[in-house]
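Visitor: Data: structure-v7.txt, compact mmCIF, C-alpha atoms.
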```txt
# COMPACT_ATOMS: atom_id res chain seq x y z
CA MET A 1 0.00 0.00 0.00
CA ASN A 2 1.40 3.35 -1.04
CA THR A 3 1.50 6.14 1.61
CA PHE A 4 0.24 9.65 0.79
CA ASN A 5 3.09 12.14 0.28
CA LEU A 6 1.77 15.65 1.16
CA ASN A 7 4.85 17.54 0.02
CA LYS A 8 4.78 15.81 -3.30
CA PHE A 9 1.09 16.67 -3.70
CA VAL A 10 1.65 20.37 -2.90
CA GLY A 11 4.51 20.48 -5.34
CA LEU A 12 2.39 18.99 -8.07
CA CYS A 13 -0.38 21.56 -7.35
CA ILE A 14 2.02 24.48 -7.59
CA ILE A 15 3.35 23.18 -10.87
CA TRP A 16 -0.15 22.71 -12.14
CA LEU A 17 -1.47 26.16 -10.97
CA ALA A 18 1.62 28.21 -11.85
CA PRO A 19 0.63 28.92 -15.43
CA PHE A 20 -2.78 30.18 -14.32
CA VAL A 21 -1.32 32.41 -11.55
CA LEU A 22 1.21 33.89 -13.90
CA SER A 23 -1.46 34.47 -16.46
CA ALA A 24 -3.72 36.25 -13.91
CA GLN A 25 -0.82 38.37 -12.67
CA ASN A 26 0.01 39.32 -16.17
CA ASP A 27 -3.61 40.33 -16.75
CA VAL A 28 -3.59 42.54 -13.60
CA ASP A 29 -0.32 44.12 -14.60
CA LYS A 30 -1.54 44.69 -18.07
CA GLU A 31 -4.77 46.32 -16.79
CA LEU A 32 -2.82 48.52 -14.36
CA ILE A 33 -0.36 49.49 -17.06
CA ASN A 34 -3.24 50.15 -19.37
CA LYS A 35 -4.90 52.48 -16.83
CA GLN A 36 -1.62 54.25 -16.15
CA ASN A 37 -1.03 54.71 -19.83
CA LYS A 38 -4.55 56.02 -20.37
CA ALA A 39 -4.21 58.39 -17.39
CA SER A 40 -0.95 59.70 -18.77
CA LEU A 41 -2.53 60.18 -22.18
CA TYR A 42 -5.41 62.12 -20.63
CA VAL A 43 -2.94 64.32 -18.73
CA ILE A 44 -1.10 65.05 -21.96
CA GLU A 45 -4.42 65.86 -23.63
CA GLY A 46 -5.37 68.16 -20.79
CA ASN A 47 -2.03 69.96 -20.94
CA GLU A 48 -2.46 70.60 -24.66
CA ASN A 49 -6.00 71.99 -24.15
CA LEU A 50 -4.83 74.14 -21.27
CA SER A 51 -2.03 75.55 -23.42
CA ASN A 52 -4.64 76.39 -26.05
CA GLU A 53 -6.69 78.28 -23.42
CA ASP A 54 -9.49 75.71 -23.69
CA PHE A 55 -10.05 75.07 -20.01
CA ILE A 56 -13.33 73.17 -20.47
CA LYS A 57 -11.71 70.43 -22.54
CA ALA A 58 -8.63 70.48 -20.31
CA GLU A 59 -10.81 69.99 -17.21
CA MET A 60 -12.57 67.03 -18.84
CA ALA A 61 -9.24 65.38 -19.77
CA TYR A 62 -7.78 65.86 -16.27
CA ARG A 63 -10.91 64.41 -14.65
CA LYS A 64 -10.67 61.35 -16.93
CA ALA A 65 -7.04 60.93 -15.90
CA ILE A 66 -8.02 61.08 -12.22
CA SER A 67 -10.77 58.49 -12.76
CA LYS A 68 -8.27 56.11 -14.35
CA GLN A 69 -5.57 56.74 -11.76
CA PRO A 70 -6.96 58.62 -8.69
CA ASN A 71 -3.56 59.00 -7.06
CA LYS A 72 -1.88 60.52 -10.07
CA ALA A 73 -0.53 63.80 -8.70
CA ALA A 74 0.16 65.28 -12.13
CA ALA A 75 -3.55 65.29 -13.07
CA THR A 76 -4.75 66.90 -9.82
CA TYR A 77 -1.87 69.40 -9.81
CA ASN A 78 -2.47 70.51 -13.40
CA LEU A 79 -6.22 70.69 -12.79
CA GLY A 80 -5.57 72.90 -9.76
CA TYR A 81 -3.36 75.12 -11.86
CA GLY A 82 -6.14 75.42 -14.43
CA TYR A 83 -8.63 76.48 -11.75
CA TYR A 84 -6.10 79.03 -10.50
CA LYS A 85 -5.84 80.59 -13.96
CA GLU A 86 -9.65 80.71 -14.18
CA GLY A 87 -9.86 82.51 -10.82
CA ASN A 88 -11.55 79.64 -8.98
CA LEU A 89 -9.26 79.80 -5.94
CA GLU A 90 -11.35 77.54 -3.72
CA GLU A 91 -11.32 74.63 -6.16
CA SER A 92 -7.67 75.30 -7.00
CA LEU A 93 -6.72 75.11 -3.32
CA TYR A 94 -8.56 71.80 -2.94
CA ARG A 95 -6.83 70.25 -5.97
CA ASN A 96 -3.36 71.42 -4.94
CA GLN A 97 -3.85 70.04 -1.43
CA GLN A 98 -4.90 66.76 -3.03
CA ALA A 99 -1.78 66.83 -5.24
CA ALA A 100 0.44 67.48 -2.21
CA ASN A 101 -1.01 64.41 -0.46
CA ASP A 102 -0.73 62.19 -3.55
CA ALA A 103 2.74 63.33 -4.60
CA THR A 104 5.46 60.69 -4.45
CA SER A 105 8.45 62.92 -5.18
CA LYS A 106 9.79 65.96 -3.35
CA GLU A 107 9.61 68.06 -6.49
CA GLU A 108 5.89 67.33 -6.88
CA LYS A 109 5.29 68.20 -3.22
CA HIS A 110 7.33 71.40 -3.56
CA ARG A 111 5.28 72.64 -6.51
CA ALA A 112 1.98 71.78 -4.80
CA PHE A 113 2.86 73.56 -1.53
CA HIS A 114 4.24 76.57 -3.41
CA ASN A 115 0.94 76.96 -5.26
CA ILE A 116 -1.00 76.47 -2.03
CA GLY A 117 0.96 79.38 -0.53
CA ASN A 118 0.16 81.59 -3.50
CA ILE A 119 -3.57 80.82 -3.22
CA LEU A 120 -3.61 81.54 0.52
CA MET A 121 -1.87 84.88 -0.06
CA LYS A 122 -4.56 85.85 -2.57
CA ASN A 123 -7.17 84.94 0.04
CA GLU A 124 -5.29 87.15 2.56
CA ARG A 125 -4.55 84.17 4.79
CA CYS A 126 -0.95 85.19 5.33
CA LYS A 127 -0.27 83.10 8.42
CA ASP A 128 -1.39 79.91 6.66
CA ALA A 129 0.62 80.90 3.58
CA VAL A 130 3.78 81.06 5.72
CA GLU A 131 3.34 77.42 6.69
CA ALA A 132 2.67 76.40 3.07
CA TYR A 133 5.87 78.08 1.80
CA LYS A 134 7.84 76.48 4.63
CA ASN A 135 6.60 73.04 3.52
CA ALA A 136 7.59 73.88 -0.05
CA LEU A 137 11.14 74.81 1.04
CA ARG A 138 11.43 71.63 3.08
CA ASN A 139 11.07 69.73 -0.20
CA ASN A 140 13.23 72.13 -2.24
CA PRO A 141 15.35 74.50 -0.11
CA SER A 142 17.08 76.00 -3.16
CA ASP A 143 13.99 77.65 -4.68
CA ASP A 144 14.59 81.39 -4.40
CA GLU A 145 11.07 82.25 -5.55
CA THR A 146 9.53 80.25 -2.72
CA ARG A 147 11.94 81.87 -0.24
CA TYR A 148 10.97 85.34 -1.48
CA ASN A 149 7.26 84.51 -1.20
CA LEU A 150 7.88 83.25 2.33
CA ALA A 151 9.43 86.58 3.32
CA MET A 152 6.43 88.43 1.87
CA ALA A 153 4.03 86.13 3.70
CA LYS A 154 5.84 86.71 7.02
CA GLU A 155 5.64 90.48 6.57
CA CYS A 156 1.95 90.21 5.72
CA ALA A 157 1.30 88.03 8.79
CA LYS A 158 3.15 90.53 11.01
CA ASN A 159 1.01 93.38 9.67
CA GLU A 160 -2.09 91.32 10.32
CA GLN A 161 -0.94 90.70 13.88
CA ASP A 162 -0.18 94.39 14.46
CA ALA A 163 -3.56 95.35 13.03
CA GLY A 164 -5.26 92.80 15.24
CA ASP A 165 -3.42 94.10 18.31
CA LYS A 166 -4.37 97.66 17.39
CA ASP A 167 -8.00 96.66 16.98
CA ASP A 168 -7.90 94.96 20.36
CA GLU A 169 -6.27 98.06 21.89
CA ASP A 170 -8.86 100.33 20.28
CA SER A 171 -11.63 98.07 21.52
CA GLU A 172 -10.16 98.17 25.03
CA ASP A 173 -9.85 101.97 24.89
CA LYS A 174 -13.45 102.26 23.73
CA LYS A 175 -14.52 99.95 26.52
CA ASP A 176 -12.65 102.03 29.11
CA GLU A 177 -14.14 105.22 27.69
CA LYS A 178 -17.61 103.73 27.83
CA ASP A 179 -17.08 102.57 31.42
CA GLN A 180 -15.88 106.06 32.38
CA LYS A 181 -18.92 107.69 30.78
CA ASP A 182 -21.21 105.24 32.53
CA GLN A 183 -19.56 106.00 35.87
CA GLU A 184 -19.86 109.75 35.27
CA GLN A 185 -23.53 109.33 34.41
CA GLN A 186 -24.09 107.30 37.57
CA ASP A 187 -22.36 109.98 39.65
CA GLN A 188 -24.46 112.69 38.01
CA ASP A 189 -27.66 110.73 38.61
CA LYS A 190 -26.67 110.29 42.25
CA LYS A 191 -26.05 114.05 42.62
CA ASP A 192 -29.38 114.84 40.98
CA GLN A 193 -31.13 112.44 43.32
CA GLU A 194 -29.47 113.96 46.39
CA GLY A 195 -30.42 117.45 45.14
CA ASP A 196 -34.05 116.39 44.74
CA GLU A 197 -34.07 114.97 48.26
CA ASN A 198 -32.66 118.24 49.67
CA ASP A 199 -35.29 120.24 47.78
CA ASP A 200 -38.01 118.02 49.21
CA GLN A 201 -36.67 118.56 52.72
CA ASN A 202 -36.50 122.34 52.23
CA ASN A 203 -40.02 122.39 50.84
CA GLN A 204 -41.23 120.40 53.83
CA GLY A 205 -39.55 122.88 56.17
CA ASP A 206 -41.23 125.81 54.41
CA GLU A 207 -44.57 124.04 54.62
CA ASP A 208 -44.13 123.44 58.35
CA LYS A 209 -43.21 127.08 58.84
CA LYS A 210 -46.25 128.15 56.87
CA ASP A 211 -48.46 125.94 59.02
CA GLY A 212 -46.91 127.59 62.06
CA ASP A 213 -47.57 131.04 60.62
CA ASP A 214 -51.19 130.12 60.08
CA LYS A 215 -51.45 129.37 63.79
CA GLU A 216 -50.18 132.85 64.78
CA ASP A 217 -51.93 136.19 64.54
CA GLU A 218 -50.44 139.48 63.42
CA GLU A 219 -48.90 140.06 66.87
CA GLY A 220 -47.10 136.72 66.73
CA LYS A 221 -49.38 135.07 69.26
CA PRO A 222 -50.69 131.58 68.63
CA LYS A 223 -54.04 131.73 66.90
CA ASP A 224 -55.37 128.86 68.95
CA ASP A 225 -54.95 130.93 72.11
CA LYS A 226 -56.52 133.97 70.46
CA ASP A 227 -59.48 131.93 69.26
CA GLN A 228 -59.88 130.54 72.74
CA ASN A 229 -59.82 134.04 74.24
CA ASP A 230 -62.39 135.28 71.69
CA LYS A 231 -64.65 132.39 72.56
CA GLY A 232 -64.30 133.16 76.28
CA ASP A 233 -65.15 136.85 75.72
CA GLN A 234 -68.25 135.91 73.75
CA GLN A 235 -69.40 133.62 76.52
CA GLU A 236 -68.87 136.40 79.10
CA LYS A 237 -70.95 138.84 77.03
CA GLN A 238 -73.74 136.33 76.77
CA GLN A 239 -73.61 135.92 80.52
CA GLU A 240 -73.72 139.73 81.04
CA GLN A 241 -76.95 140.15 78.96
CA PRO A 242 -80.00 140.04 81.31
CA LYS A 243 -82.14 137.03 80.84
CA PRO A 244 -85.96 137.68 80.69
CA ARG A 245 -87.68 136.89 83.98
CA PRO A 246 -90.74 134.71 84.05
CA GLY A 247 -94.02 136.77 83.75
CA THR A 248 -92.41 139.82 82.09
CA LEU A 249 -92.62 140.93 78.43
CA ASN A 250 -89.86 142.34 76.36
CA ASN A 251 -90.27 145.45 74.24
CA GLN A 252 -91.18 143.62 71.08
CA GLN A 253 -93.83 141.60 72.82
CA ILE A 254 -95.31 144.78 74.33
CA ARG A 255 -95.42 146.46 70.91
CA ASN A 256 -97.15 143.48 69.39
CA LEU A 257 -99.67 143.41 72.24
CA LEU A 258 -100.48 147.14 71.88
CA GLU A 259 -100.96 146.78 68.16
CA ALA A 260 -103.33 143.88 68.75
CA LEU A 261 -105.32 145.91 71.30
CA ASN A 262 -105.54 148.89 69.00
CA ASP A 263 -106.71 146.67 66.18
CA LYS A 264 -109.32 145.09 68.39
CA GLU A 265 -110.46 148.46 69.66
CA SER A 266 -110.86 149.72 66.10
CA LYS A 267 -113.00 146.77 65.18
CA VAL A 268 -115.19 147.28 68.30
CA GLN A 269 -115.67 150.97 67.50
CA GLU A 270 -116.66 150.15 63.96
CA LYS A 271 -119.23 147.67 65.25
CA ILE A 272 -120.74 150.26 67.65
CA ASN A 273 -121.00 152.85 64.95
CA ALA A 274 -122.76 150.35 62.71
CA GLU A 275 -125.29 149.57 65.41
CA LYS A 276 -126.06 153.29 65.96
CA GLN A 277 -126.63 153.82 62.30
CA LYS A 278 -129.02 150.95 62.11
CA GLY A 279 -131.31 152.16 65.01
CA ALA A 280 -131.88 155.84 63.89
CA LYS A 281 -135.38 156.96 62.62
CA VAL A 282 -135.89 158.06 59.00
CA LYS A 283 -138.42 160.88 58.08
CA ASN A 284 -140.80 159.97 55.19
CA GLU A 285 -142.18 162.58 52.75
CA LYS A 286 -145.82 163.08 52.44
CA ASP A 287 -147.63 161.55 49.71
CA TRP A 288 -150.02 164.28 48.51
```
Could you write out this file's structure as structure tokens?
Guide:
Amino acid sequence: MNTFNLNKFVGLCIIWLAPFVLSAQNDVDKELINKQNKASLYVIEGNENLSNEDFIKAEMAYRKAISKQPNKAAATYNLGYGYYKEGNLEESLYRNQQAANDATSKEEKHRAFHNIGNILMKNERCKDAVEAYKNALRNNPSDDETRYNLAMAKECAKNEQDAGDKDDEDSEDKKDEKDQKDQEQQDQDKKDQEGDENDDQNNQGDEDKKDGDDKEDEEGKPKDDKDQNDKGDQQEKQQEQPKPRPGTLNNQQIRNLLEALNDKESKVQEKINAEKQKGAKVKNEKDW
């Protein structure tokens, strides 16, 4: 009985599968090479269109290159440069940052960071531009243009800092001035309030004095005492007047009584006279 030899079996499998593995690897390599070649062709096409000032066609070619080979720095870098020429700084910044991340050589990184610095300077982001130019010089220290741009960016950042400090100082001065005005207004309000309280107290004193004057007569004596004295004098006079005694008539009553008697006497006399006139004899004339 033959024993199973595992090593021999594995060796036979490798020999048997080798042609297929090599064939598959060749297919992958060929596809990758094909994509790289197509991406490169699209980059070349985009460069030609960009040179001819046809940005629309150039943009289409660069995007095709990126779709074939997403990490191809040349396509994203050139597309960012095209956006920069068209004035689309936001899109240009994005593409150059992408190119800096995808770059495999120092020269590619240097160009990407240099362009990033230029875009940031146009956007007045001087402090960020300083960092971008520093990254560019780290990848190519001999570039005089990048070094010059770095010096300009540093000066711009310093001016921004000085302007910011001045704005902060002005804001602080305005705040102090406002606080001083508020304090002065509070002090003035306090003085006005104290003045009003003093006026109220003075007015109250005058009112009390006036009330006191009302209680005094022209001689300076208290009116309450004078009124009391007047009332006492009136009571004394009433006491001095004789009160009518029971059974006696005053003058007015006597006059009224006399007038009544005279009136009654007149009526009686008239009645007597009427009676006399009624009882007298009357002479008649003869009737011949």
Visitor: Write out as an mmCIF file with C-alpha atoms, in the coordinates of the input which residues come within 8 Å of A:His114 when counting only C-alpha atoms, dropping same-chain ones fewer than 4 positions away.
Guide:
```
data_model
loop_
_atom_site.group_PDB
_atom_site.id
_atom_site.type_symbol
_atom_site.label_atom_id
_atom_site.label_comp_id
_atom_site.auth_asym_id
_atom_site.auth_seq_id
_atom_site.Cartn_x
_atom_site.Cartn_y
_atom_site.Cartn_z
ATOM 1 C CA HIS A 110 7.330 71.400 -3.560
ATOM 2 C CA ASN A 118 0.160 81.590 -3.500
ATOM 3 C CA ALA A 132 2.670 76.400 3.070
ATOM 4 C CA TYR A 133 5.870 78.080 1.800
ATOM 5 C CA ALA A 136 7.590 73.880 -0.050
ATOM 6 C CA THR A 146 9.530 80.250 -2.720
#
```
Visitor: Hey, which of A:Leu120, A:Ile44, A:Met60, A:Cys156 ends up closest to A:Ala74? Count all atoms listed in the file.
Guide: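 Answer, going by the shortest atom-to-atom distance: A:Ile44.
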Visitor: Interatomic distance between atom CA of A:Ser142 and atom CA of A:Gly117?
Guide: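 Between these atoms lies a distance of 16.7 Å.
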Visitor: Could you please determine the separation between atom CA of A:Phe113 and atom CA of A:Leu50 in Å, to one decimal place?
Guide: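 Interatomic distance here is 21.2 Å.
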